[in-house]
$ cat protein-v7.cif   # mmCIF, C-alpha atoms
data_work
loop_
_atom_site.label_atom_id
_atom_site.label_comp_id
_atom_site.auth_asym_id
_atom_site.auth_seq_id
_atom_site.Cartn_x
_atom_site.Cartn_y
_atom_site.Cartn_z
CA MET A 1 6.48 3.22 -15.23
CA ASN A 2 6.62 2.95 -11.47
CA ASP A 3 7.38 -0.26 -9.57
CA ASP A 4 8.04 -3.82 -10.70
CA ARG A 5 4.76 -5.63 -11.36
CA TYR A 6 3.20 -8.78 -12.74
CA VAL A 7 1.47 -8.53 -16.12
CA ALA A 8 -0.43 -10.94 -18.39
CA ALA A 9 -1.42 -11.13 -22.05
CA ILE A 10 -3.40 -13.39 -24.34
CA GLU A 11 -3.25 -13.90 -28.09
CA ILE A 12 -6.14 -15.71 -29.82
CA SER A 13 -5.56 -16.90 -33.37
CA SER A 14 -7.13 -19.38 -35.76
CA SER A 15 -4.68 -22.12 -34.76
CA LYS A 16 -4.13 -21.64 -31.02
CA ILE A 17 -4.67 -19.63 -27.86
CA VAL A 18 -1.48 -18.49 -26.12
CA ALA A 19 -1.30 -16.76 -22.74
CA ALA A 20 1.74 -15.46 -20.89
CA VAL A 21 2.58 -13.97 -17.51
CA GLY A 22 5.61 -11.75 -17.06
CA ARG A 23 7.38 -9.61 -14.51
CA MET A 24 7.80 -6.05 -15.80
CA TYR A 25 10.63 -4.08 -14.22
CA ALA A 26 10.78 -0.33 -13.71
CA ASP A 27 13.79 -0.10 -16.03
CA GLY A 28 11.82 -1.54 -18.99
CA ARG A 29 12.95 -5.16 -18.84
CA LEU A 30 10.43 -8.00 -19.05
CA ASP A 31 10.82 -11.56 -17.80
CA ILE A 32 8.35 -14.07 -19.25
CA ILE A 33 7.86 -16.36 -16.24
CA ALA A 34 5.14 -18.70 -17.54
CA THR A 35 3.30 -19.49 -20.77
CA LYS A 36 0.53 -21.88 -21.74
CA GLN A 37 -1.21 -22.60 -25.01
CA GLU A 38 -3.98 -24.69 -26.48
CA LYS A 39 -3.98 -25.62 -30.15
CA GLY A 40 -6.73 -26.39 -32.60
CA VAL A 41 -9.17 -23.53 -32.08
CA GLU A 42 -11.93 -24.34 -34.57
CA SER A 43 -14.18 -21.67 -33.09
CA VAL A 44 -11.93 -18.87 -34.42
CA ARG A 45 -11.81 -18.10 -38.12
CA TYR A 46 -9.39 -15.59 -39.67
CA GLY A 47 -8.76 -14.18 -36.20
CA VAL A 48 -12.44 -13.54 -35.37
CA ILE A 49 -14.16 -15.52 -32.59
CA GLN A 50 -17.15 -17.37 -34.05
CA ASN A 51 -18.24 -19.38 -30.98
CA LEU A 52 -18.13 -17.44 -27.72
CA GLU A 53 -18.92 -20.39 -25.44
CA GLU A 54 -16.32 -22.80 -26.82
CA THR A 55 -13.63 -20.14 -26.99
CA SER A 56 -14.31 -19.02 -23.41
CA MET A 57 -13.97 -22.63 -22.20
CA ARG A 58 -10.62 -22.97 -23.95
CA ILE A 59 -9.37 -19.65 -22.56
CA ASN A 60 -10.47 -20.71 -19.08
CA ARG A 61 -8.42 -23.90 -19.37
CA VAL A 62 -5.34 -21.98 -20.47
CA ILE A 63 -5.71 -19.41 -17.67
CA ASP A 64 -6.30 -22.11 -15.06
CA ARG A 65 -3.17 -24.02 -16.10
CA LEU A 66 -1.18 -20.80 -16.12
CA GLN A 67 -2.30 -19.88 -12.60
CA ARG A 68 -1.18 -23.29 -11.31
CA GLU A 69 2.39 -22.71 -12.47
CA PRO A 70 4.76 -22.38 -9.46
CA ALA A 71 6.10 -19.07 -10.78
CA VAL A 72 2.55 -17.64 -10.83
CA ALA A 73 0.71 -19.26 -7.89
CA PRO A 74 -0.89 -18.19 -5.61
CA ARG A 75 -1.52 -15.10 -7.73
CA GLU A 76 -4.68 -14.93 -9.80
CA ILE A 77 -4.99 -13.29 -13.21
CA THR A 78 -7.50 -10.44 -12.93
CA GLY A 79 -6.58 -8.49 -16.08
CA VAL A 80 -4.92 -9.09 -19.45
CA TYR A 81 -3.63 -7.24 -22.48
CA VAL A 82 -5.30 -8.70 -25.57
CA GLY A 83 -3.69 -9.00 -29.00
CA LEU A 84 -5.68 -7.85 -32.03
CA SER A 85 -5.09 -9.72 -35.27
CA GLY A 86 -7.34 -10.83 -38.10
CA ARG A 87 -8.19 -10.60 -41.75
CA SER A 88 -10.06 -7.28 -41.49
CA LEU A 89 -7.09 -5.38 -40.00
CA ARG A 90 -5.52 -2.87 -42.36
CA SER A 91 -4.41 0.75 -42.50
CA ILE A 92 -6.00 3.88 -43.98
CA THR A 93 -3.97 7.05 -44.46
CA THR A 94 -5.43 10.35 -43.27
CA GLU A 95 -4.19 13.93 -42.84
CA VAL A 96 -5.26 16.31 -40.09
CA GLU A 97 -4.16 19.82 -39.13
CA ILE A 98 -4.58 22.45 -36.42
CA ASN A 99 -4.18 26.21 -36.92
CA LEU A 100 -2.32 27.94 -34.09
CA PRO A 101 -1.46 31.48 -33.01
CA ASP A 102 1.84 32.80 -34.33
CA ASP A 103 5.01 31.38 -32.78
CA THR A 104 3.23 28.65 -30.82
CA GLU A 105 5.42 25.96 -29.30
CA ILE A 106 4.15 22.47 -30.05
CA ASN A 107 3.42 20.64 -26.79
CA ASP A 108 1.84 17.37 -25.65
CA ASP A 109 -1.64 18.88 -25.51
CA ILE A 110 -1.49 19.97 -29.17
CA LEU A 111 -0.23 16.53 -30.22
CA ARG A 112 -3.03 14.89 -28.22
CA ARG A 113 -5.64 17.05 -29.94
CA LEU A 114 -4.12 16.20 -33.31
CA ARG A 115 -4.32 12.45 -32.62
CA GLU A 116 -7.91 12.71 -31.36
CA GLN A 117 -8.82 14.49 -34.58
CA ALA A 118 -7.23 11.66 -36.58
CA LEU A 119 -9.10 9.02 -34.56
CA ALA A 120 -12.37 10.84 -35.30
CA THR A 121 -11.83 10.68 -39.07
CA ALA A 122 -14.93 9.51 -40.93
CA ILE A 123 -14.38 6.06 -42.46
CA ASP A 124 -16.46 3.22 -43.88
CA SER A 125 -19.26 2.48 -41.40
CA SER A 126 -18.43 -1.24 -41.55
CA LEU A 127 -15.05 -0.53 -39.91
CA GLU A 128 -13.82 0.98 -36.66
CA VAL A 129 -10.53 2.72 -35.84
CA VAL A 130 -8.44 0.91 -33.22
CA ASP A 131 -5.24 2.99 -33.41
CA ALA A 132 -3.65 5.97 -35.12
CA ILE A 133 0.06 5.79 -35.95
CA PRO A 134 1.80 9.07 -36.88
CA ARG A 135 3.82 8.88 -40.07
CA SER A 136 5.11 12.45 -40.30
CA TYR A 137 4.45 16.01 -39.09
CA LEU A 138 4.65 19.36 -40.83
CA VAL A 139 5.15 22.38 -38.54
CA GLY A 140 4.88 25.46 -40.71
CA LYS A 141 6.89 24.37 -43.75
CA GLN A 142 9.30 22.11 -41.84
CA GLU A 143 8.71 18.33 -41.98
CA THR A 144 9.73 16.47 -38.86
CA ARG A 145 9.24 13.16 -37.02
CA SER A 146 9.59 14.84 -33.61
CA PRO A 147 7.41 17.96 -33.57
CA LYS A 148 7.41 18.58 -29.82
CA GLY A 149 9.19 21.82 -29.04
CA ALA A 150 9.01 23.13 -32.63
CA ILE A 151 7.48 26.61 -33.23
CA GLY A 152 4.89 27.47 -35.87
CA ASN A 153 1.38 28.72 -36.58
CA LYS A 154 0.09 25.44 -38.03
CA ILE A 155 0.75 21.75 -37.55
CA ARG A 156 -0.25 19.10 -40.05
CA ALA A 157 0.16 15.36 -39.56
CA THR A 158 -0.18 12.22 -41.65
CA TYR A 159 -1.54 9.24 -39.72
CA ASP A 160 -2.01 5.59 -40.56
CA LEU A 161 -5.36 4.62 -39.09
CA ILE A 162 -5.44 0.94 -38.10
CA VAL A 163 -8.98 -0.27 -38.75
CA CYS A 164 -10.91 -3.53 -38.46
CA ARG A 165 -14.44 -4.85 -38.40
CA PRO A 166 -16.20 -4.11 -35.08
CA GLU A 167 -16.89 -7.80 -34.34
CA LEU A 168 -13.16 -8.51 -34.00
CA ARG A 169 -12.83 -6.44 -30.83
CA ARG A 170 -16.46 -6.85 -29.71
CA ASN A 171 -16.29 -10.67 -29.62
CA LEU A 172 -13.04 -10.56 -27.65
CA GLN A 173 -14.74 -8.26 -25.13
CA ARG A 174 -17.79 -10.53 -24.88
CA THR A 175 -15.66 -13.63 -24.40
CA ILE A 176 -12.90 -12.47 -22.05
CA ALA A 177 -14.58 -9.74 -20.00
CA ASP A 178 -18.25 -10.71 -20.06
CA LYS A 179 -18.11 -14.53 -20.01
CA ILE A 180 -14.87 -15.18 -18.12
CA GLY A 181 -14.86 -12.06 -15.97
CA ILE A 182 -11.26 -11.06 -16.60
CA ARG A 183 -10.63 -7.34 -17.07
CA ILE A 184 -9.19 -6.25 -20.44
CA ASN A 185 -6.44 -3.76 -19.59
CA GLY A 186 -6.01 -2.84 -23.23
CA PHE A 187 -6.19 -4.02 -26.83
CA VAL A 188 -2.83 -4.19 -28.63
CA VAL A 189 -2.50 -4.56 -32.41
CA THR A 190 -0.24 -7.62 -32.61
CA ALA A 191 1.49 -6.62 -35.83
CA LEU A 192 2.45 -3.21 -34.42
CA SER A 193 3.67 -4.66 -31.13
CA THR A 194 5.85 -7.27 -32.84
CA ALA A 195 7.32 -4.56 -35.08
CA GLN A 196 8.05 -2.43 -32.03
CA VAL A 197 9.87 -5.29 -30.34
CA ILE A 198 11.52 -7.17 -33.21
CA LEU A 199 12.56 -4.53 -35.73
CA SER A 200 15.59 -2.38 -35.04
CA SER A 201 15.44 1.38 -35.51
CA GLU A 202 18.04 1.04 -38.28
CA GLU A 203 15.87 -1.42 -40.21
CA LYS A 204 12.85 0.88 -39.89
CA ARG A 205 14.80 3.87 -41.15
CA LEU A 206 16.38 2.01 -44.05
CA GLY A 207 13.15 0.33 -45.07
CA CYS A 208 12.03 -3.21 -44.22
CA MET A 209 9.07 -5.56 -44.24
CA LEU A 210 7.79 -7.61 -41.29
CA VAL A 211 5.94 -10.75 -42.46
CA ASP A 212 3.87 -12.70 -39.93
CA MET A 213 2.51 -15.87 -41.54
CA GLY A 214 -0.10 -17.60 -39.41
CA ALA A 215 -2.57 -20.39 -40.07
CA GLU A 216 -5.19 -18.46 -42.04
CA THR A 217 -3.74 -14.98 -42.47
CA THR A 218 -0.43 -13.32 -43.28
CA THR A 219 0.17 -9.82 -41.96
CA VAL A 220 2.56 -7.49 -43.79
CA SER A 221 3.96 -4.31 -42.19
CA ILE A 222 6.33 -2.11 -44.21
CA TYR A 223 8.48 0.59 -42.58
CA LYS A 224 10.44 3.36 -44.27
CA GLY A 225 12.12 6.44 -42.86
CA GLY A 226 11.48 5.20 -39.35
CA ALA A 227 7.68 5.13 -39.69
CA LEU A 228 4.96 2.73 -40.73
CA LYS A 229 4.48 3.03 -44.47
CA TYR A 230 2.02 0.23 -45.23
CA PHE A 231 -0.03 -2.34 -43.33
CA ALA A 232 -2.26 -5.15 -44.68
CA THR A 233 -3.58 -8.60 -43.81
CA LEU A 234 -3.77 -11.28 -46.50
CA PRO A 235 -6.31 -14.15 -46.21
CA LEU A 236 -3.60 -16.74 -46.85
CA GLY A 237 -1.55 -18.86 -44.46
CA GLY A 238 -0.13 -22.23 -43.58
CA ARG A 239 -3.54 -23.90 -43.33
CA ASN A 240 -4.11 -23.28 -47.04
CA ILE A 241 -1.20 -25.62 -47.73
CA THR A 242 -2.53 -28.21 -45.29
CA ARG A 243 -5.97 -28.19 -46.88
CA ASP A 244 -4.45 -28.63 -50.31
CA ILE A 245 -2.84 -31.86 -49.07
CA THR A 246 -6.22 -33.12 -47.83
CA THR A 247 -7.27 -33.40 -51.49
CA LEU A 248 -5.12 -36.56 -51.49
CA ASN A 249 -7.79 -38.19 -49.30
CA VAL A 250 -6.17 -37.65 -45.92
CA LEU A 251 -7.56 -35.97 -42.83
CA GLU A 252 -6.36 -32.48 -41.94
CA GLU A 253 -4.40 -33.70 -38.91
CA ARG A 254 -2.49 -36.18 -41.07
CA ALA A 255 -2.00 -33.57 -43.80
CA GLU A 256 -0.50 -31.15 -41.26
CA ASP A 257 1.89 -33.85 -40.07
CA ILE A 258 2.99 -34.61 -43.63
CA LYS A 259 3.55 -30.92 -44.31
CA ILE A 260 5.71 -30.44 -41.23
CA THR A 261 7.79 -33.61 -41.50
CA SER A 262 8.19 -33.99 -45.27
CA GLY A 263 7.12 -30.72 -46.91
CA ASN A 264 9.33 -28.12 -48.57
CA ALA A 265 8.34 -24.80 -50.13
CA MET A 266 11.18 -25.08 -52.64
CA PRO A 267 10.78 -27.43 -55.61
CA ARG A 268 13.01 -30.50 -55.61
CA GLU A 269 15.59 -30.89 -58.36
CA THR A 270 14.64 -34.56 -58.66
CA PRO A 271 11.01 -35.56 -58.02
CA SER A 272 10.61 -38.00 -55.13
CA ALA A 273 9.53 -41.55 -55.95
CA LEU A 274 8.61 -42.22 -52.31
CA ASN A 275 5.15 -43.57 -51.59
CA MET A 276 3.83 -43.27 -48.00
CA ASN A 277 0.73 -45.34 -47.28
CA GLY A 278 -0.55 -44.85 -50.78
CA ILE A 279 0.33 -41.15 -50.94
CA LYS A 280 2.84 -40.13 -53.59
CA MET A 281 5.28 -37.64 -52.12
CA SER A 282 5.79 -36.11 -55.56
CA GLU A 283 2.12 -35.05 -55.51
CA VAL A 284 2.49 -33.67 -52.00
CA SER A 285 5.53 -31.69 -53.10
CA ASN A 286 3.71 -30.23 -56.09
CA LEU A 287 0.82 -29.05 -53.92
CA ILE A 288 3.06 -27.49 -51.26
CA VAL A 289 5.31 -25.72 -53.77
CA ALA A 290 2.39 -24.33 -55.79
CA ARG A 291 0.60 -22.88 -52.76
CA SER A 292 3.82 -21.59 -51.16
CA GLU A 293 4.74 -19.74 -54.33
CA GLU A 294 1.25 -18.19 -54.43
CA ILE A 295 1.54 -16.97 -50.83
CA VAL A 296 5.03 -15.58 -51.37
CA ALA A 297 3.99 -13.86 -54.61
CA ASN A 298 1.15 -12.10 -52.76
CA VAL A 299 3.50 -11.04 -49.97
CA VAL A 300 6.08 -9.63 -52.36
CA GLU A 301 3.38 -7.77 -54.31
CA GLN A 302 2.65 -5.69 -51.19
CA ILE A 303 5.92 -3.81 -51.78
CA LYS A 304 4.42 -2.39 -54.99
CA TYR A 305 1.14 -1.61 -53.25
CA ALA A 306 3.13 0.44 -50.74
CA GLY A 307 4.56 2.48 -53.63
CA LEU A 308 8.08 1.07 -53.11
CA LYS A 309 10.60 -1.10 -54.92
CA ASP A 310 12.90 -3.80 -53.63
CA ASN A 311 15.86 -1.44 -53.52
CA ASP A 312 13.82 0.89 -51.26
CA MET A 313 14.04 -1.74 -48.52
CA PRO A 314 17.69 -2.55 -47.79
CA GLY A 315 16.61 -3.57 -44.28
CA GLY A 316 15.13 -6.69 -45.91
CA LEU A 317 12.38 -9.05 -44.80
CA ILE A 318 11.93 -10.17 -41.20
CA CYS A 319 9.79 -13.29 -40.86
CA ILE A 320 7.78 -14.66 -37.94
CA GLY A 321 4.74 -16.91 -37.45
CA GLY A 322 4.07 -20.63 -37.56
CA GLY A 323 3.73 -20.64 -41.35
CA MET A 324 7.39 -19.72 -41.62
CA ASN A 325 8.36 -23.02 -40.00
CA LEU A 326 7.77 -24.82 -43.29
CA ASN A 327 11.08 -25.95 -44.72
CA GLY A 328 12.29 -23.73 -47.53
CA MET A 329 9.77 -20.88 -46.94
CA ILE A 330 12.46 -18.41 -45.85
CA ASP A 331 14.63 -19.36 -48.85
CA LEU A 332 11.68 -18.96 -51.22
CA LEU A 333 11.03 -15.43 -49.97
CA GLY A 334 14.67 -14.51 -50.41
CA ARG A 335 14.73 -15.90 -53.94
CA GLN A 336 11.60 -13.98 -54.97
CA THR A 337 12.87 -10.58 -53.79
CA ASP A 338 16.70 -10.67 -53.79
CA LEU A 339 16.45 -8.98 -50.37
CA PRO A 340 18.10 -10.11 -47.14
CA VAL A 341 15.75 -12.31 -45.12
CA ARG A 342 16.03 -13.20 -41.44
CA ARG A 343 13.90 -14.77 -38.75
CA GLY A 344 12.52 -12.42 -36.12
CA GLN A 345 13.56 -12.96 -32.52
CA LEU A 346 12.95 -11.35 -29.16
CA PRO A 347 15.41 -8.66 -28.03
CA ASN A 348 17.67 -9.00 -24.99
CA TYR A 349 15.40 -6.91 -22.77
CA ILE A 350 12.70 -9.61 -23.01
CA ARG A 351 13.96 -12.75 -21.27
CA LEU A 352 12.28 -16.16 -21.22
CA GLU A 353 12.36 -17.85 -17.83
CA ASP A 354 9.88 -20.50 -19.00
CA MET A 355 12.10 -22.50 -21.36
CA LYS A 356 9.60 -25.32 -21.98
CA THR A 357 8.02 -23.41 -24.86
CA PRO A 358 10.03 -22.47 -28.00
CA ALA A 359 10.58 -18.71 -28.25
CA SER A 360 9.11 -18.68 -31.79
CA ASP A 361 5.77 -19.96 -30.44
CA ILE A 362 5.33 -17.11 -27.96
CA LEU A 363 6.94 -14.26 -29.87
CA GLN A 364 3.62 -12.54 -30.64
CA VAL A 365 2.10 -12.84 -27.16
CA SER A 366 5.39 -11.67 -25.60
CA SER A 367 5.34 -8.61 -27.85
CA VAL A 368 1.72 -7.86 -26.93
CA LEU A 369 2.63 -8.24 -23.26
CA TYR A 370 5.60 -5.88 -23.53
CA SER A 371 3.77 -3.21 -25.56
CA GLY A 372 0.72 -3.26 -23.32
CA ALA A 373 2.73 -3.11 -20.10
CA SER A 374 4.96 -0.32 -21.49
CA ASP A 375 1.96 1.91 -22.20
CA SER A 376 0.23 1.30 -18.87
CA ASP A 377 1.01 0.94 -15.16
CA ASP A 378 -1.84 -1.52 -14.56
CA GLU A 379 -1.41 -4.64 -12.46
CA CYS A 380 -2.73 -7.85 -14.02
CA LEU A 381 -2.30 -10.30 -11.13
CA GLU A 382 -3.40 -10.26 -7.52
CA ILE A 383 -2.78 -12.47 -4.50
CA PRO A 384 -6.18 -13.56 -3.13
CA LYS A 385 -6.87 -12.07 0.27
CA ALA A 386 -7.71 -14.56 3.01
CA GLU A 387 -11.11 -13.84 4.56
CA GLU A 388 -10.53 -12.58 8.10
CA LEU A 389 -13.11 -13.93 10.55
CA PRO A 390 -13.29 -13.61 14.37
CA VAL A 391 -12.15 -16.76 16.19
CA THR A 392 -13.43 -18.07 19.55
CA GLY A 393 -11.29 -19.55 22.30
CA GLU A 394 -12.39 -23.05 21.23
CA GLY A 395 -10.53 -22.66 17.94
CA TYR A 396 -13.32 -22.54 15.37
CA GLU A 397 -14.96 -19.75 13.31
CA ASP A 398 -17.57 -17.84 15.29
CA THR A 399 -19.94 -17.20 12.38
CA GLU A 400 -23.67 -16.53 12.40
CA GLU A 401 -24.26 -20.04 11.06
CA ARG A 402 -22.28 -21.52 13.94
CA GLU A 403 -24.22 -19.42 16.47
CA GLU A 404 -27.50 -20.70 15.00
CA GLU A 405 -26.19 -24.25 15.18
CA ARG A 406 -25.21 -23.83 18.84
CA ARG A 407 -28.64 -22.30 19.66
CA LYS A 408 -30.38 -25.33 18.16
CA GLU A 409 -28.11 -27.65 20.14
CA ARG A 410 -29.05 -25.86 23.37
CA GLN A 411 -32.73 -26.09 22.53
CA HIS A 412 -32.37 -29.79 21.78
CA LYS A 413 -30.60 -30.41 25.09
CA GLU A 414 -33.21 -28.40 27.02
CA LYS A 415 -36.04 -30.31 25.33
CA GLY A 416 -34.34 -33.61 26.15
CA SER A 417 -33.89 -32.61 29.78
CA LYS A 418 -37.57 -31.69 30.12
CA LEU A 419 -38.68 -35.00 28.56
CA TRP A 420 -36.38 -36.96 30.84
CA GLY A 421 -37.66 -35.00 33.83
CA LYS A 422 -41.28 -35.85 32.98
CA PHE A 423 -40.40 -39.50 32.39
CA SER A 424 -38.51 -39.73 35.68
CA LYS A 425 -41.43 -38.16 37.56
CA ARG A 426 -43.90 -40.69 36.07
CA ILE A 427 -41.69 -43.60 37.12
CA SER A 428 -41.32 -42.12 40.58
CA ASP A 429 -45.10 -41.67 40.89
CA MET A 430 -45.69 -45.29 39.87
CA PHE A 431 -43.41 -46.60 42.62
CA LYS A 432 -44.98 -44.22 45.09
CA SER A 433 -48.46 -45.49 44.12
CA ASP A 434 -47.36 -49.10 44.69
CA GLU A 435 -46.10 -48.21 48.12
CA ASP A 436 -49.44 -46.56 49.01
CA ASP A 437 -51.41 -49.69 47.90
CA SER A 438 -49.31 -52.02 50.02
CA ASP A 439 -50.03 -49.97 53.14
CA LEU A 440 -53.77 -50.36 52.55
CA LEU A 441 -53.49 -54.16 52.22
CA GLU A 442 -51.75 -54.40 55.52
#
$ encode --input "protein-v7.cif" --output "structure tokens"
Amino acid sequence: MNDDRYVAAIEISSSKIVAAVGRMYADGRLDIIATKQEKGVESVRYGVIQNLEETSMRINRVIDRLQREPAVAPREITGVYVGLSGRSLRSITTEVEINLPDDTEINDDILRRLREQALATAIDSSLEVVDAIPRSYLVGKQETRSPKGAIGNKIRATYDLIVCRPELRRNLQRTIADKIGIRINGFVVTALSTAQVILSSEEKRLGCMLVDMGAETTTVSIYKGGALKYFATLPLGGRNITRDITTLNVLEERAEDIKITSGNAMPRETPSALNMNGIKMSEVSNLIVARSEEIVANVVEQIKYAGLKDNDMPGGLICIGGGMNLNGMIDLLGRQTDLPVRRGQLPNYIRLEDMKTPASDILQVSSVLYSGASDSDDECLEIPKAEELPVTGEGYEDTEEREEERRKERQHKEKGSKLWGKFSKRISDMFKSDEDDSDLLE
């Protein structure tokens, strides 16, 4: 990384669009100087944009409001890092190897070739590879996490390929770059960026699970031995609970309000007898608890799918996402696993200057911003250049249009002068004629 610079990121989910601008310093610190968001994105389902026009209008509004912030203006956002999240995102394990001459020292070029080989792995044609995360390396017969500098005649690597359906990235490209005209500086897998920022190296080595519960999906990332062990996206989230409440004949907006203000993922010891506008809170509680337990059960089951047990993850569960704001959800997770559970938070090297927005609401976009800016030296904001035009001594712009205007004015004046001259001559001739006639009468 070279000089300090301004960077921007956007995260588009099924519940909201969040954009952030930050100042990235050469020493690796990031200040989030402004954030804006717009909720209720019906044109995005399970992370995939369904309506390009509506989504582009919403993004434009967010960007416009962001650019008017005092900390950002007069700069304009010309590029962004874009978060990738959605139901189709998951990981596929693959192994690749390169044979080398005897006693070859592993260098950056060999590691680059190895990663390119992993990215070229043949997979289901309905999916595309968006990233390749190294899990472990084998140089000769020695397993290592840091192969650079090791000596051997063969290197083998195990990669986790992060894959998704092509329309996830394609629709983001068509909306942001094609319709709005903002350059995409890079796609960043949101789950990987949040893990990079939120999880400590100790937690990753011990074994831990990052759970990001959104509106329609819940992403699970499991780390062990310092590397990604398992990655999956579940089609369950906070909106499932809200829609269950709508079965009590209330609109989704009202159901969401009831869930936030009165809901609890943990069952009550004594059922509530409260009745709110004809809605029995005991029925609301039953719906919320049942769906919350289903979501948590699916999350916990991922530990088995990763080939691990609870005691393989002493680092515990780290929870983020709007779905985790439901009362009792953190406690329910802890009860189901007997593992330590904590809320994820931004590290000290990412500072929020814009304090109007809760840190939990912008955790994902801040992580995308940091990861994208760390891997690239691109600038995302520019100060518009004032158009320099030659100026005349009269104090106005001497443009071609002005010259044409002045030429027409001269022609108009000349035409007027000629007409006046002719008119004056005719008047003069008339008086002269009268004078001639009077002489004859005398």
$ resolve_selection --input "protein-v7.cif" --expression "the PyMOL selection byres ((chain A and resi 267) around 8)" --output "ChimeraX atom specification"
/A:264-266,268-269,285-286,289
$ closest_residue --input "protein-v7.cif" --among "A:Thr35, A:Asn327, A:Thr337, A:Thr104" --to "Pro70 (chain A)" --atoms "all atoms listed in the file"
A:Thr35
$ closest_residue --input "protein-v7.cif" --among "A:Leu333, A:Ile258, A:Met209, A:Ile176" --to "Thr246 (chain A)" --atoms "only C-alpha atoms"
A:Ile258
$ resolve_selection --input "protein-v7.cif" --expression "the PyMOL selection byres ((chain A and resi 93) around 12)" --output "PyMOL selection string"
chain A and resi 90-92+94-96+118-119+121-123+129+131-136+157-163+228-231+306
$ closest_residue --input "protein-v7.cif" --among "A:Ala120, A:Ile318, A:Leu168, A:Val188" --to "Leu369 (chain A)" --atoms "all atoms listed in the file"
A:Val188
$ residues_around --input "protein-v7.cif" --residues "region 194-205 of chain A" --least-positions-apart "3" --cutoff "10 Å" --atoms "all atoms listed in the file" --output "PyMOL selection string"
chain A and resi 189-191+208-212+221-229+313-320+343-347+349-350+363-368+370-371
$ atom_distance --input "protein-v7.cif" --atom1 "CA of Tyr46 (chain A)" --atom2 "CA of Leu234 (chain A)"
9.8 Å
